[in-house]
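What follows is the content of model-v6.txt, which has compact mmCIF, C-alpha atoms and all ligand atoms:
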```txt
# COMPACT_ATOMS: atom_id res chain seq x y z
CA MET A 1 13.31 9.02 -6.29
CA TYR A 2 14.04 5.79 -8.10
CA LEU A 3 15.44 2.37 -7.39
CA ASP A 4 18.70 2.10 -9.27
CA GLU A 5 19.86 -1.33 -8.23
CA LEU A 6 18.39 -4.27 -6.35
CA GLN A 7 20.14 -7.31 -4.89
CA LEU A 8 18.47 -10.36 -3.43
CA GLN A 9 19.86 -13.30 -1.56
CA ASN A 10 17.76 -16.36 -0.73
CA PHE A 11 14.60 -14.32 -1.10
CA ARG A 12 11.69 -16.64 -2.04
CA ASN A 13 12.62 -18.28 -5.40
CA TYR A 14 15.71 -16.05 -5.90
CA ASP A 15 19.03 -17.58 -4.85
CA SER A 16 21.04 -14.56 -5.81
CA LEU A 17 20.05 -11.65 -8.00
CA LYS A 18 21.46 -8.31 -9.02
CA ILE A 19 19.41 -6.06 -11.26
CA LYS A 20 19.81 -2.49 -12.44
CA PHE A 21 16.58 -0.68 -13.25
CA ASN A 22 15.68 2.05 -15.70
CA SER A 23 14.74 5.30 -13.94
CA HIS A 24 11.57 5.46 -16.07
CA VAL A 25 9.66 2.38 -17.21
CA ASN A 26 10.65 -1.23 -16.52
CA ILE A 27 8.66 -4.15 -17.84
CA ILE A 28 9.30 -7.57 -16.41
CA TYR A 29 7.73 -10.44 -18.27
CA GLY A 30 7.62 -14.16 -17.80
CA ASN A 31 5.36 -17.14 -17.40
CA ASN A 32 3.44 -17.92 -14.26
CA ALA A 33 5.37 -18.85 -11.11
CA GLN A 34 8.73 -17.50 -12.33
CA GLY A 35 9.14 -14.79 -9.66
CA LYS A 36 7.45 -11.63 -10.96
CA THR A 37 5.36 -11.03 -7.87
CA ASN A 38 8.29 -12.01 -5.64
CA LEU A 39 10.50 -9.38 -7.25
CA LEU A 40 7.98 -6.58 -6.65
CA GLU A 41 7.38 -7.90 -3.16
CA SER A 42 11.08 -7.60 -2.35
CA ILE A 43 11.00 -3.92 -3.36
CA TYR A 44 7.89 -3.38 -1.27
CA VAL A 45 9.55 -5.04 1.73
CA LEU A 46 12.64 -2.89 1.24
CA GLY A 47 10.42 0.20 1.47
CA LEU A 48 7.93 -0.78 4.15
CA THR A 49 9.84 -3.50 6.10
CA LYS A 50 7.06 -6.04 5.65
CA SER A 51 5.26 -7.79 2.86
CA HIS A 52 1.97 -6.67 1.35
CA LEU A 53 1.04 -10.33 0.93
CA LEU A 54 -0.53 -12.55 3.55
CA ASP A 55 2.00 -15.31 3.03
CA ASN A 56 5.09 -14.16 4.88
CA ASN A 57 7.45 -16.89 3.84
CA LEU A 58 10.14 -14.51 2.56
CA ILE A 59 13.17 -16.68 3.31
CA GLN A 60 13.82 -19.26 0.62
CA ASN A 61 12.58 -22.70 1.63
CA GLY A 62 15.35 -24.65 3.29
CA LYS A 63 17.45 -21.54 4.09
CA SER A 64 17.64 -19.71 7.41
CA SER A 65 18.23 -16.14 6.25
CA CYS A 66 17.60 -13.77 3.40
CA LYS A 67 18.70 -10.31 2.37
CA ILE A 68 17.32 -7.49 0.23
CA LYS A 69 19.60 -4.62 -0.72
CA GLY A 70 18.75 -1.59 -2.81
CA THR A 71 20.40 1.57 -3.99
CA VAL A 72 18.03 4.47 -4.36
CA LYS A 73 18.75 7.74 -6.12
CA LYS A 74 17.04 10.81 -4.68
CA ASN A 75 17.95 14.22 -6.11
CA LYS A 76 21.32 12.95 -7.34
CA PHE A 77 22.17 11.46 -3.91
CA LYS A 78 22.53 7.73 -3.47
CA THR A 79 21.13 5.96 -0.44
CA LYS A 80 21.64 2.29 0.35
CA TYR A 81 18.91 0.31 2.04
CA GLU A 82 19.23 -3.18 3.43
CA ILE A 83 16.86 -5.58 5.14
CA SER A 84 17.93 -8.97 6.34
CA TYR A 85 15.98 -11.69 8.03
CA LEU A 86 17.58 -14.33 10.17
CA GLU A 87 14.69 -16.65 10.99
CA ASP A 88 12.32 -14.24 12.78
CA LYS A 89 14.85 -11.51 13.46
CA LYS A 90 14.81 -8.56 11.09
CA THR A 91 17.70 -6.10 10.72
CA LEU A 92 17.24 -2.76 8.97
CA LYS A 93 20.07 -0.63 7.64
CA ILE A 94 20.34 2.68 5.85
CA ASP A 95 23.77 3.48 4.40
CA ASN A 96 25.23 0.53 6.32
CA GLN A 97 24.02 1.87 9.63
CA GLU A 98 21.57 -0.18 11.64
CA ILE A 99 18.21 1.48 12.30
CA LYS A 100 16.52 0.15 15.42
CA LYS A 101 13.10 1.77 15.16
CA ILE A 102 10.87 0.73 12.28
CA THR A 103 9.24 4.19 12.17
CA ASP A 104 12.69 5.80 11.73
CA TYR A 105 13.41 3.45 8.85
CA ILE A 106 10.06 3.97 7.12
CA ASN A 107 10.20 7.75 7.48
CA ASN A 108 13.49 7.76 5.57
CA SER A 109 12.74 4.98 3.18
CA LEU A 110 11.57 4.47 -0.39
CA ASN A 111 8.08 5.70 -1.13
CA ILE A 112 6.14 2.98 -2.84
CA ILE A 113 2.77 2.76 -4.46
CA ILE A 114 1.89 -0.81 -5.32
CA PHE A 115 -1.03 -2.18 -7.30
CA TYR A 116 -1.44 -5.96 -7.18
CA PRO A 117 -4.24 -8.42 -7.96
CA GLU A 118 -5.36 -8.91 -4.35
CA ASP A 119 -5.92 -5.14 -4.10
CA LEU A 120 -9.36 -5.89 -5.43
CA GLU A 121 -10.15 -6.76 -1.82
CA ILE A 122 -9.95 -3.05 -0.96
CA ILE A 123 -13.34 -2.81 -2.62
CA LYS A 124 -14.65 -6.38 -2.44
CA GLY A 125 -13.38 -7.38 0.97
CA SER A 126 -14.12 -6.43 4.57
CA PRO A 127 -13.78 -2.90 6.00
CA ASN A 128 -10.47 -4.02 7.50
CA ASN A 129 -8.96 -4.10 4.01
CA ARG A 130 -9.97 -0.49 3.47
CA ARG A 131 -8.65 0.66 6.83
CA ASN A 132 -5.38 -1.19 6.21
CA PHE A 133 -5.06 0.64 2.91
CA LEU A 134 -5.54 4.01 4.60
CA ASN A 135 -3.14 3.14 7.40
CA LEU A 136 -0.41 1.89 5.08
CA GLU A 137 -0.54 4.85 2.75
CA LEU A 138 -0.70 7.41 5.54
CA SER A 139 2.21 5.73 7.34
CA GLN A 140 4.29 6.49 4.27
CA LEU A 141 2.91 9.96 3.67
CA SER A 142 3.21 11.31 7.19
CA ASP A 143 6.07 10.94 9.64
CA ASN A 144 3.59 11.01 12.55
CA TYR A 145 0.80 8.74 11.42
CA LEU A 146 2.30 5.37 12.38
CA LYS A 147 3.20 6.60 15.86
CA LEU A 148 -0.28 8.08 16.25
CA LEU A 149 -1.90 4.85 15.09
CA ASN A 150 0.18 2.80 17.55
CA GLU A 151 -0.88 5.09 20.41
CA PHE A 152 -4.49 4.90 19.28
CA ASN A 153 -4.39 1.10 19.16
CA LYS A 154 -2.93 0.92 22.67
CA LEU A 155 -5.70 3.16 24.04
CA LEU A 156 -8.33 1.13 22.21
CA LYS A 157 -6.96 -2.06 23.72
CA ILE A 158 -6.97 -0.64 27.27
CA ARG A 159 -10.47 0.78 26.82
CA ASN A 160 -11.77 -2.57 25.55
CA GLU A 161 -10.17 -4.39 28.48
CA TYR A 162 -11.96 -2.01 30.82
CA LEU A 163 -15.27 -2.60 29.08
CA LYS A 164 -14.80 -6.34 29.39
CA LYS A 165 -14.06 -5.99 33.12
CA MET A 166 -17.17 -3.86 33.56
CA ALA A 167 -19.18 -6.55 31.78
CA LYS A 168 -18.00 -9.03 34.40
CA ASN A 169 -18.83 -6.57 37.19
CA ILE A 170 -15.17 -6.33 38.16
CA GLU A 171 -14.60 -3.04 39.95
CA VAL A 172 -12.68 -0.50 37.86
CA ASP A 173 -11.31 2.99 38.38
CA ASN A 174 -13.94 5.13 36.64
CA THR A 175 -11.84 8.28 36.63
CA TYR A 176 -9.07 6.44 34.85
CA PHE A 177 -11.57 4.98 32.39
CA GLN A 178 -12.78 8.51 31.59
CA ILE A 179 -9.20 9.71 31.11
CA ILE A 180 -8.54 6.83 28.71
CA THR A 181 -11.76 7.64 26.85
CA ASN A 182 -10.73 11.29 26.52
CA TYR A 183 -7.31 10.35 25.18
CA PHE A 184 -8.93 7.86 22.86
CA VAL A 185 -11.16 10.61 21.46
CA ASP A 186 -8.20 13.00 21.03
CA LYS A 187 -6.25 10.45 18.99
CA SER A 188 -9.39 9.47 17.06
CA VAL A 189 -9.90 13.06 15.97
CA LEU A 190 -6.32 13.30 14.70
CA ILE A 191 -6.61 10.02 12.76
CA TYR A 192 -9.97 11.03 11.31
CA LYS A 193 -8.62 14.39 10.14
CA MET A 194 -5.58 12.89 8.44
CA ARG A 195 -7.59 10.17 6.72
CA LYS A 196 -10.31 12.59 5.66
CA LYS A 197 -7.76 14.95 4.13
CA PHE A 198 -6.09 12.04 2.31
CA VAL A 199 -9.41 10.91 0.82
CA GLU A 200 -10.18 14.48 -0.26
CA LYS A 201 -6.82 14.58 -2.02
CA LEU A 202 -7.52 11.23 -3.71
CA ASN A 203 -10.83 12.60 -4.97
CA GLU A 204 -9.06 15.52 -6.63
CA ASN A 205 -7.56 13.07 -9.14
CA CYS A 206 -9.12 9.64 -9.07
CA GLY A 207 -12.33 10.56 -10.92
CA LYS A 208 -10.37 11.95 -13.83
CA ILE A 209 -8.03 8.94 -13.96
CA PHE A 210 -10.92 6.48 -13.78
CA TYR A 211 -12.57 8.33 -16.64
CA GLU A 212 -9.37 8.26 -18.75
CA ILE A 213 -9.15 4.49 -18.35
CA THR A 214 -12.81 3.46 -18.53
CA LYS A 215 -14.58 6.50 -20.07
CA LEU A 216 -17.07 6.31 -17.21
CA PRO A 217 -17.64 9.55 -15.30
CA ASP A 218 -18.29 10.35 -11.64
CA PHE A 219 -16.09 7.93 -9.76
CA LYS A 220 -15.52 9.04 -6.20
CA ILE A 221 -14.49 7.78 -2.81
CA SER A 222 -16.26 8.62 0.39
CA TYR A 223 -15.01 8.35 3.96
CA VAL A 224 -17.74 7.00 6.21
CA THR A 225 -18.00 7.20 9.99
CA ASN A 226 -20.62 5.98 12.44
CA TYR A 227 -20.48 9.25 14.41
CA GLU A 228 -21.06 12.89 13.56
CA THR A 229 -17.96 14.62 12.25
CA GLU A 230 -19.03 18.17 12.79
CA ASP A 231 -17.69 19.22 16.16
CA ILE A 232 -16.19 15.77 16.06
CA LYS A 233 -14.48 15.75 19.44
CA LYS A 234 -17.66 16.54 21.35
CA ASN A 235 -19.82 14.28 19.21
CA LEU A 236 -17.59 11.24 19.45
CA LEU A 237 -17.25 11.63 23.21
CA ASP A 238 -21.05 12.01 23.57
CA LYS A 239 -21.63 8.97 21.39
CA LEU A 240 -19.27 6.87 23.51
CA ASN A 241 -20.78 8.08 26.78
CA LYS A 242 -24.36 7.56 25.59
CA ASN A 243 -23.63 4.05 24.39
CA LEU A 244 -21.54 2.88 27.30
CA LYS A 245 -24.07 0.23 28.36
CA LYS A 246 -24.12 -1.23 24.86
CA GLU A 247 -20.31 -1.15 24.75
CA ILE A 248 -20.06 -2.93 28.08
CA LYS A 249 -22.50 -5.59 26.89
CA LEU A 250 -20.41 -6.19 23.76
CA GLY A 251 -17.05 -5.66 25.48
CA SER A 252 -15.76 -3.37 22.78
CA THR A 253 -15.49 0.26 21.67
CA LEU A 254 -18.16 0.78 19.04
CA TYR A 255 -17.31 4.23 17.69
CA GLY A 256 -14.08 5.62 16.35
CA PRO A 257 -11.70 5.39 13.38
CA HIS A 258 -11.20 1.64 13.94
CA ARG A 259 -14.78 1.33 12.66
CA ASP A 260 -14.55 3.89 9.85
CA GLU A 261 -15.00 2.84 6.26
CA LEU A 262 -14.48 3.78 2.66
CA GLU A 263 -17.19 3.56 0.02
CA PHE A 264 -16.62 3.75 -3.71
CA TYR A 265 -19.22 5.27 -5.98
CA LEU A 266 -19.81 5.46 -9.68
CA GLY A 267 -22.44 8.19 -9.79
CA ASN A 268 -24.89 7.03 -7.13
CA ASN A 269 -24.01 3.36 -7.46
CA ASN A 270 -21.93 1.74 -4.78
CA LEU A 271 -19.23 -0.18 -6.66
CA LYS A 272 -18.93 -2.85 -3.98
CA ILE A 273 -22.50 -3.87 -4.78
CA TYR A 274 -23.00 -2.87 -8.41
CA GLY A 275 -19.50 -2.78 -9.93
CA SER A 276 -18.19 -5.42 -12.32
CA GLN A 277 -14.91 -7.15 -11.49
CA GLY A 278 -13.09 -4.99 -14.08
CA GLN A 279 -14.63 -1.79 -12.78
CA LYS A 280 -13.56 -2.63 -9.25
CA ARG A 281 -10.02 -3.33 -10.41
CA MET A 282 -9.89 -0.07 -12.36
CA ALA A 283 -11.32 1.83 -9.39
CA VAL A 284 -8.50 0.58 -7.17
CA LEU A 285 -5.95 1.31 -9.89
CA ALA A 286 -7.32 4.86 -10.36
CA MET A 287 -7.09 5.38 -6.62
CA LYS A 288 -3.48 4.18 -6.53
CA LEU A 289 -2.51 6.36 -9.50
CA ALA A 290 -4.23 9.29 -7.79
CA GLU A 291 -1.73 8.88 -4.97
CA ILE A 292 1.21 9.87 -7.16
CA PRO A 293 0.71 13.65 -6.90
CA ILE A 294 -0.07 13.29 -3.20
CA PHE A 295 3.29 11.60 -2.61
CA LYS A 296 4.99 14.29 -4.66
CA GLN A 297 3.35 16.98 -2.57
CA PHE A 298 3.72 15.45 0.89
CA LYS A 299 7.10 13.77 0.56
CA ASN A 300 8.71 16.17 -1.87
CA ASN A 301 9.79 13.17 -3.85
CA ASN A 302 8.46 10.94 -6.56
CA PRO A 303 7.16 7.57 -5.41
CA ILE A 304 8.11 4.32 -7.14
CA LEU A 305 5.13 2.69 -8.81
CA LEU A 306 4.91 -1.11 -8.77
CA LEU A 307 2.22 -2.63 -10.97
CA ASP A 308 1.84 -6.38 -10.57
CA ASP A 309 -0.13 -8.01 -13.36
CA VAL A 310 -2.06 -4.81 -14.00
CA PHE A 311 -3.07 -5.82 -17.52
CA SER A 312 -4.63 -9.17 -16.75
CA GLU A 313 -8.36 -9.59 -17.36
CA LEU A 314 -8.55 -6.26 -19.21
CA ASP A 315 -9.66 -5.58 -22.75
CA ASP A 316 -7.10 -4.08 -25.14
CA ILE A 317 -8.67 -0.62 -25.05
CA LYS A 318 -8.25 -0.40 -21.29
CA LYS A 319 -4.70 -1.78 -21.50
CA ASN A 320 -3.82 1.01 -23.89
CA ASN A 321 -5.56 3.61 -21.79
CA ILE A 322 -3.51 2.53 -18.80
CA ILE A 323 -0.28 2.67 -20.78
CA LYS A 324 -1.22 6.17 -21.92
CA TYR A 325 -1.77 7.13 -18.34
CA ILE A 326 1.48 5.82 -16.93
CA SER A 327 3.34 8.94 -16.12
CA GLU A 328 6.97 8.70 -17.07
CA ASP A 329 8.27 11.29 -14.70
CA ILE A 330 8.28 8.59 -12.04
CA GLN A 331 9.83 5.14 -11.99
CA VAL A 332 7.41 2.37 -12.87
CA ILE A 333 8.05 -1.35 -12.61
CA ILE A 334 5.41 -3.45 -14.35
CA THR A 335 5.07 -7.22 -14.49
CA THR A 336 3.16 -9.07 -17.14
CA THR A 337 2.85 -12.49 -18.72
CA GLU A 338 2.20 -11.08 -22.21
CA ILE A 339 4.89 -8.75 -23.47
CA LYS A 340 3.58 -8.79 -27.04
CA LYS A 341 0.45 -6.90 -26.06
CA ILE A 342 2.41 -3.92 -24.82
CA ASN A 343 3.28 -1.22 -27.30
CA LYS A 344 6.79 -0.21 -26.26
CA LYS A 345 6.72 2.80 -28.54
CA LYS A 346 4.35 4.45 -26.11
CA PHE A 347 7.18 4.97 -23.65
CA SER A 348 10.14 7.26 -24.15
CA SER A 349 12.54 5.12 -22.13
CA VAL A 350 11.86 1.54 -21.23
CA SER A 351 13.90 -1.48 -20.15
CA ILE A 352 12.50 -4.93 -20.71
CA PHE A 353 13.50 -7.90 -18.60
CA LYS A 354 12.68 -11.55 -19.04
CA ILE A 355 12.29 -13.61 -15.94
CA LYS A 356 12.62 -17.35 -15.76
CA ASN A 357 12.78 -19.43 -12.65
CA GLY A 358 14.22 -16.72 -10.43
CA GLU A 359 16.71 -15.47 -12.98
CA ILE A 360 16.37 -12.22 -14.89
CA ILE A 361 17.91 -11.01 -18.11
CA ARG A 362 17.54 -7.61 -19.71
CA THR A 363 16.30 -8.31 -23.21
CA GLU A 364 15.75 -4.86 -24.60
CA GLU A 365 16.49 -1.24 -23.98
CA VAL A 366 14.21 1.08 -25.90
CA GLU A 367 14.52 4.83 -26.28
CA ASN A 368 11.68 6.42 -28.26
CA GLU A 369 10.37 9.81 -29.06
CA ARG A 370 7.24 9.65 -27.00
CA THR A 371 4.41 9.48 -29.50
CA LEU A 372 1.66 10.81 -27.29
N1 LIG B 1 9.90 -18.99 0.44
C1 LIG B 1 9.99 -19.49 -0.78
N2 LIG B 1 11.04 -20.27 -1.15
C2 LIG B 1 11.15 -20.77 -2.40
N3 LIG B 1 10.26 -20.54 -3.39
C3 LIG B 1 9.19 -19.76 -3.09
C4 LIG B 1 9.01 -19.20 -1.80
N4 LIG B 1 7.86 -18.47 -1.80
C5 LIG B 1 7.36 -18.59 -3.04
N5 LIG B 1 8.14 -19.35 -3.81
C6 LIG B 1 7.96 -19.72 -5.24
O1 LIG B 1 8.27 -18.66 -6.09
C7 LIG B 1 7.70 -18.93 -7.37
C8 LIG B 1 7.35 -17.66 -8.06
O2 LIG B 1 6.28 -17.00 -7.45
P1 LIG B 1 5.66 -15.62 -7.97
O3 LIG B 1 4.42 -15.41 -7.19
O4 LIG B 1 6.67 -14.54 -7.90
O5 LIG B 1 5.33 -15.94 -9.49
P2 LIG B 1 4.81 -14.99 -10.64
O6 LIG B 1 5.86 -14.93 -11.69
O7 LIG B 1 4.30 -13.73 -10.07
O8 LIG B 1 3.59 -15.86 -11.22
P3 LIG B 1 2.11 -15.44 -11.72
O9 LIG B 1 2.26 -15.02 -13.15
O10 LIG B 1 1.37 -16.72 -11.59
O11 LIG B 1 1.60 -14.37 -10.83
C9 LIG B 1 6.54 -19.88 -7.10
O12 LIG B 1 6.81 -21.11 -7.72
C10 LIG B 1 6.52 -20.03 -5.60
O13 LIG B 1 6.20 -21.32 -5.20
MG MG B 2 2.39 -12.97 -9.78
```
Here is a file; write its structure as structure tokens.
Amino acid sequence: MYLDELQLQNFRNYDSLKIKFNSHVNIIYGNNAQGKTNLLESIYVLGLTKSHLLDNNLIQNGKSSCKIKGTVKKNKFKTKYEISYLEDKKTLKIDNQEIKKITDYINNSLNIIIFYPEDLEIIKGSPNNRRNFLNLELSQLSDNYLKLLNEFNKLLKIRNEYLKKMAKNIEVDNTYFQIITNYFVDKSVLIYKMRKKFVEKLNENCGKIFYEITKLPDFKISYVTNYETEDIKKNLLDKLNKNLKKEIKLGSTLYGPHRDELEFYLGNNNLKIYGSQGQKRMAVLAMKLAEIPIFKQFKNNNPILLLDDVFSELDDIKKNNIIKYISEDIQVIITTTEIKKINKKKFSSVSIFKIKNGEIIRTEEVENERTL
């Protein structure tokens, strides 16, 4: 799958834009604040219906609506995607037909792997960042995950409301509470299993990729729970029942996938504690690149790889190692401020675009014999 054409209207600093991409490598360069991140964001929004950034100000300042349109080629077929925002109202279309349910749109949408500077938070930040990462990726990889997660969150909310009532000695229906707890455990087990399998798949590749980039061995990711995972259904239920008093006191459910975590290790060292800034960045990048074969396997289609500012803060050796690693059998869109540092000869087919103040021009089209 690759994004053939993208059109933007009143999206952030773009008044109106039409751009045709290379199906292999695309490099977009420009100074700071010209619209590089915004461009990748628009592609991400087109795929996942919402931004990966905290700031959600997608409509251009002073305007009341914006539109993102994209033509995607999948196995020779063309599909048109469109997202428009009118103030807070969002409309989704596939091949000009409105799609009402977000899950229906996402299940048929572009598969995107994005790496961006704030991704560092997946390692540095709170556990929520890590759970969000798992949830976002699995929502793309599985048609059922998002629905399952929504059901899980509803049950969690009801269970927590019950616990809060119990804390205030308000009488509750205990049978119903037990039913909710059982359902909660059922959904928890399903979420755990999907996440665990995903992390196992990541580990099949990410150590090797991390080594290729940094020459450091033994990078791995571990999925951490605060309950026993052997005979998980029974153990989680026991844990909840045994700790009910504590849960009532705190008014919240203390065990389950909403509390699960990821830890990143280089040998025995936890990267969150011992890793340098660069190592953390490369760990996240390795993890994202390790997703490529997983997308191929699960979705039967190549994902589109968006790399925002991937080369910043890296020494030249690592830059080159990354370039070597960029697989050209998928579409890659890379932004950078320094085009000179990139050896274009490393790619067999690459389009280069210059971006200035929300306008983009294609400056070069390079076809090489790949030298690697
Ligand atoms: N809703 C909006 N309306 C108009 N302009 C916006 C809006 N949101 C962001 N911008 C502007 O878009 C410009 C480009 O931002 P962007 O983050 O894409 O830059 P960039 O090229 O990635 O820069 P850097 O190299 O610093 O990362 C900024 O000047 C920003 O203020
Ligand atoms: Mg940027």
Requested in this report: Could the residues that lie within 8 Å of ligand LIG 1 (chain B), counting all atoms listed in the file, be listed as a PyMOL selection string?
Outcome: chain A and resi 10-14+30-39+57-62+308-309+335-337+355+357-358
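For region 171-183 of chain A, the residues within 8 Å (counting only C-alpha atoms, excluding itself and residues fewer than 6 positions away along the chain) are Leu155, Ile158, Arg159, Tyr162, Lys165 and Leu237 of chain A.
Reported to one decimal place, the separation of CA of Ile27 (chain A) from CA of Leu48 (chain A) is 22.3 Å.
Relative to CA of Ile19 (chain A), CA of Ala290 (chain A) is found at 28.4 Å.
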Query raised in the report: Pick from A:Lys215, A:Lys272, A:Lys63, A:Lys341: nearest to Arg130 (chain A), with only C-alpha atoms counted?
Result: A:Lys272
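Of note, CA of Phe198 (chain A) and CA of Val25 (chain A) are spaced 26.9 Å apart.
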Requested in this report: Write out as a VMD selection string each polymer residue whose atoms come within 12 Å of Glu204 (chain A), counting all atoms listed in the file; drop sequence neighbours fewer than 6 positions from it.
Outcome: chain A and resid 197 to 198 210 218 to 221 286 to 287 289 to 294
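Closest approach to ligand MG 2 (chain B) among A:Leu53, A:Ile339, A:Leu17, A:Ile330: A:Leu53, based on all atoms listed in the file.
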Requested in this report: Identify, on the basis of all atoms listed in the file, every residue whose closest approach to Lys299 (chain A) does not exceed 9 Å; exclude the query and any residue fewer than 5 positions from it along the same chain; express the result as a ChimeraX atom specification.
Outcome: /A:111,140-142,294
Just the selected residues (C-alpha atoms), exported as a compact mmCIF listing (two decimals), in the coordinates of the input, please.
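Wrote it out as out-v5.txt, contents follow:
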```txt
# COMPACT_ATOMS: atom_id res chain seq x y z
CA ASN A 111 8.08 5.70 -1.13
CA GLN A 140 4.29 6.49 4.27
CA LEU A 141 2.91 9.96 3.67
CA SER A 142 3.21 11.31 7.19
CA ILE A 294 -0.07 13.29 -3.20
```
Report task. Could you give me, as an NGL selection string, the residues within 9 Å of Val224 (chain A), counting all atoms listed in the file and dropping anything in the same chain fewer than 3 positions from it? Result -> :A and (227 or 260-263)
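The nearest approach to His258 (chain A) among the residues A:Tyr105, A:Tyr325, A:Phe152, A:Phe295, with only C-alpha atoms taken into account, belongs to A:Phe152.
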**Report entry** Nearest to Asn129 (chain A), chosen from A:Asn75, A:Lys89, A:Arg362, A:Leu54, with only C-alpha atoms counted in the distances
**Finding:** A:Leu54
Skip region 243-256 of chain A itself and residues of its chain fewer than 2 positions away, then list as a JSON list (two decimals) with C-alpha atoms, keeping the file's coordinate frame all residues within 10 Å of it, counting all atoms listed in the file.
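Written output follows (result-v6.json):
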```
[["chain", "number", "residue", "atom", "x", "y", "z"],
["A", 156, "LEU", "CA", -8.33, 1.13, 22.21],
["A", 157, "LYS", "CA", -6.96, -2.06, 23.72],
["A", 159, "ARG", "CA", -10.47, 0.78, 26.82],
["A", 160, "ASN", "CA", -11.77, -2.57, 25.55],
["A", 161, "GLU", "CA", -10.17, -4.39, 28.48],
["A", 162, "TYR", "CA", -11.96, -2.01, 30.82],
["A", 163, "LEU", "CA", -15.27, -2.60, 29.08],
["A", 164, "LYS", "CA", -14.80, -6.34, 29.39],
["A", 165, "LYS", "CA", -14.06, -5.99, 33.12],
["A", 166, "MET", "CA", -17.17, -3.86, 33.56],
["A", 167, "ALA", "CA", -19.18, -6.55, 31.78],
["A", 168, "LYS", "CA", -18.00, -9.03, 34.40],
["A", 169, "ASN", "CA", -18.83, -6.57, 37.19],
["A", 181, "THR", "CA", -11.76, 7.64, 26.85],
["A", 184, "PHE", "CA", -8.93, 7.86, 22.86],
["A", 185, "VAL", "CA", -11.16, 10.61, 21.46],
["A", 187, "LYS", "CA", -6.25, 10.45, 18.99],
["A", 188, "SER", "CA", -9.39, 9.47, 17.06],
["A", 189, "VAL", "CA", -9.90, 13.06, 15.97],
["A", 191, "ILE", "CA", -6.61, 10.02, 12.76],
["A", 192, "TYR", "CA", -9.97, 11.03, 11.31],
["A", 225, "THR", "CA", -18.00, 7.20, 9.99],
["A", 226, "ASN", "CA", -20.62, 5.98, 12.44],
["A", 227, "TYR", "CA", -20.48, 9.25, 14.41],
["A", 236, "LEU", "CA", -17.59, 11.24, 19.45],
["A", 237, "LEU", "CA", -17.25, 11.63, 23.21],
["A", 238, "ASP", "CA", -21.05, 12.01, 23.57],
["A", 239, "LYS", "CA", -21.63, 8.97, 21.39],
["A", 240, "LEU", "CA", -19.27, 6.87, 23.51],
["A", 241, "ASN", "CA", -20.78, 8.08, 26.78],
["A", 258, "HIS", "CA", -11.20, 1.64, 13.94],
["A", 259, "ARG", "CA", -14.78, 1.33, 12.66],
["A", 260, "ASP", "CA", -14.55, 3.89, 9.85]]
```
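You can rank A:Lys201, A:Arg281, A:Lys69, A:Lys74 by their closest distance to Lys124 (chain A) using all atoms listed in the file, and at the top of that list sits A:Arg281.
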